Amino acid sequence: MNGKNLVVADDMVVRIEYTLTLADGEVVDSSTTDGPLEYLQGHGEIIPGLEAALYGMSVGEEKEIVVTPDLAYGDYDPDGCQLLPLDAFDDDVELEPGMALELVDEESGEEIEAFITEIRPDGIVVDTNHWLAGETLHFEVRIIGVRPALSEELEHGHAHGHGHEHRS
C-alpha cells in the first residue's frame, strides 16, 4: 500500500509541510525549521480550524487555509493579564519580557502557561493568553503523507512518528 489514493480522514496519520503567517505577513511558524508535522486527524491534536480544512486532501495537494481566532487559540482575554509580586519569583531567575513561565493555579493545582509582558518595579505582568490568541492564522499547507493509524496510535490518540520503538 503506497498511500497514493488515501485522503485525509479521521484516524489517518497525516504528515504536512506548512508555513504559518499572521495577517500582516509575519511568519511565526514553519515546518522548514522543525521538519514536517505528523499528527492523527480527528483527535484534536491540531487547532480545529486547520484540522477541519484538511479533510479530503490527498498527498501532494496544497492549500491556503485561513483560521479565525474562534477556531484557533480563541479571542484575546484581557483578564488573562495579572500582576504578580516580585517575591513570587526566585531571585536567581533572570526574568525578561517574552519569557514563558509555568504557573500553577493555587485552587485547581493545574499548570498554566503564561509569558511575561512587562517587568515593573512593583511586580511582573504575566499574560495567560496563548501568544496567538485573537490572531487570524494563515496557513500554507502541503500534504506529504497519509496513512492509516496503527491501533496503538488510535488508543493513545496521537501519532507516534518515525523512529518510534515498539516494545514487546
# chains A, B, ... in the order shown; residues from 1 in each chain; ligands from 1
$ residues_around --residues "region 85-100 of chain A" --least-positions-apart "4" --cutoff "12 Å" --atoms "only C-alpha atoms" --output "list in words"
Val104, Ile112, Glu113, Ala114, Phe115, Ile116, Thr117, Glu118, Ile119, Arg120, Pro121, Asp122, Gly123, Ile124, Val125, Val126, Asp127, Thr128, Asn129, His130 and Trp131 of chain A
$ atom_distance --atom1 "CA of Glu38 (chain A)" --atom2 "CA of Ala149 (chain A)"
11.2 Å
$ residues_around --residues "Leu37 (chain A)" --least-positions-apart "3" --cutoff "7 Å" --atoms "only C-alpha atoms" --output "number ranges by chain"
A: 15-17, 31
$ select_by_dssp --residues "chain A" --states "helix (DSSP H, G or I)" --output "list in words"
Ser31, Thr32, Thr33, Asp34, Pro48, Gly49, Leu50, Glu51, Ala52, Ala53, Leu54, Pro69, Asp70, Leu71, Pro78, Asp79, Gly80, Leu86, Asp87, Ala88, Ser151, Glu152, Glu153, Leu154, Glu155 and His156 of chain A
$ write_last_selection --atoms "C-alpha atoms" --output "PDB file, in the first residue's frame"
ATOM      1  CA  SER A  31       7.923  23.193   9.100  1.00  0.00           C
ATOM      2  CA  THR A  32      11.163  24.313   7.440  1.00  0.00           C
ATOM      3  CA  THR A  33      12.607  24.774  10.938  1.00  0.00           C
ATOM      4  CA  ASP A  34      11.392  21.623  12.691  1.00  0.00           C
ATOM      5  CA  PRO A  48      -9.891  22.816  14.998  1.00  0.00           C
ATOM      6  CA  GLY A  49      -9.975  25.242  12.052  1.00  0.00           C
ATOM      7  CA  LEU A  50      -6.892  23.716  10.463  1.00  0.00           C
ATOM      8  CA  GLU A  51      -7.984  20.143  11.102  1.00  0.00           C
ATOM      9  CA  ALA A  52     -11.424  20.757   9.563  1.00  0.00           C
ATOM     10  CA  ALA A  53      -9.944  22.286   6.401  1.00  0.00           C
ATOM     11  CA  LEU A  54      -7.648  19.333   5.676  1.00  0.00           C
ATOM     12  CA  PRO A  69      -9.433  33.068  16.321  1.00  0.00           C
ATOM     13  CA  ASP A  70     -12.583  31.170  17.363  1.00  0.00           C
ATOM     14  CA  LEU A  71     -11.228  28.066  15.574  1.00  0.00           C
ATOM     15  CA  PRO A  78      -7.966  40.975  28.807  1.00  0.00           C
ATOM     16  CA  ASP A  79      -8.465  39.243  32.173  1.00  0.00           C
ATOM     17  CA  GLY A  80      -5.567  36.968  31.249  1.00  0.00           C
ATOM     18  CA  LEU A  86       8.339  40.099  42.630  1.00  0.00           C
ATOM     19  CA  ASP A  87       8.717  37.850  45.662  1.00  0.00           C
ATOM     20  CA  ALA A  88       6.699  35.162  43.831  1.00  0.00           C
ATOM     21  CA  SER A 151      -4.176   0.558  16.619  1.00  0.00           C
ATOM     22  CA  GLU A 152      -1.678   1.700  19.239  1.00  0.00           C
ATOM     23  CA  GLU A 153      -1.817   5.271  17.919  1.00  0.00           C
ATOM     24  CA  LEU A 154      -5.609   5.234  17.992  1.00  0.00           C
ATOM     25  CA  GLU A 155      -5.518   4.016  21.579  1.00  0.00           C
ATOM     26  CA  HIS A 156      -3.196   6.848  22.582  1.00  0.00           C
TER      27      HIS A 156
END
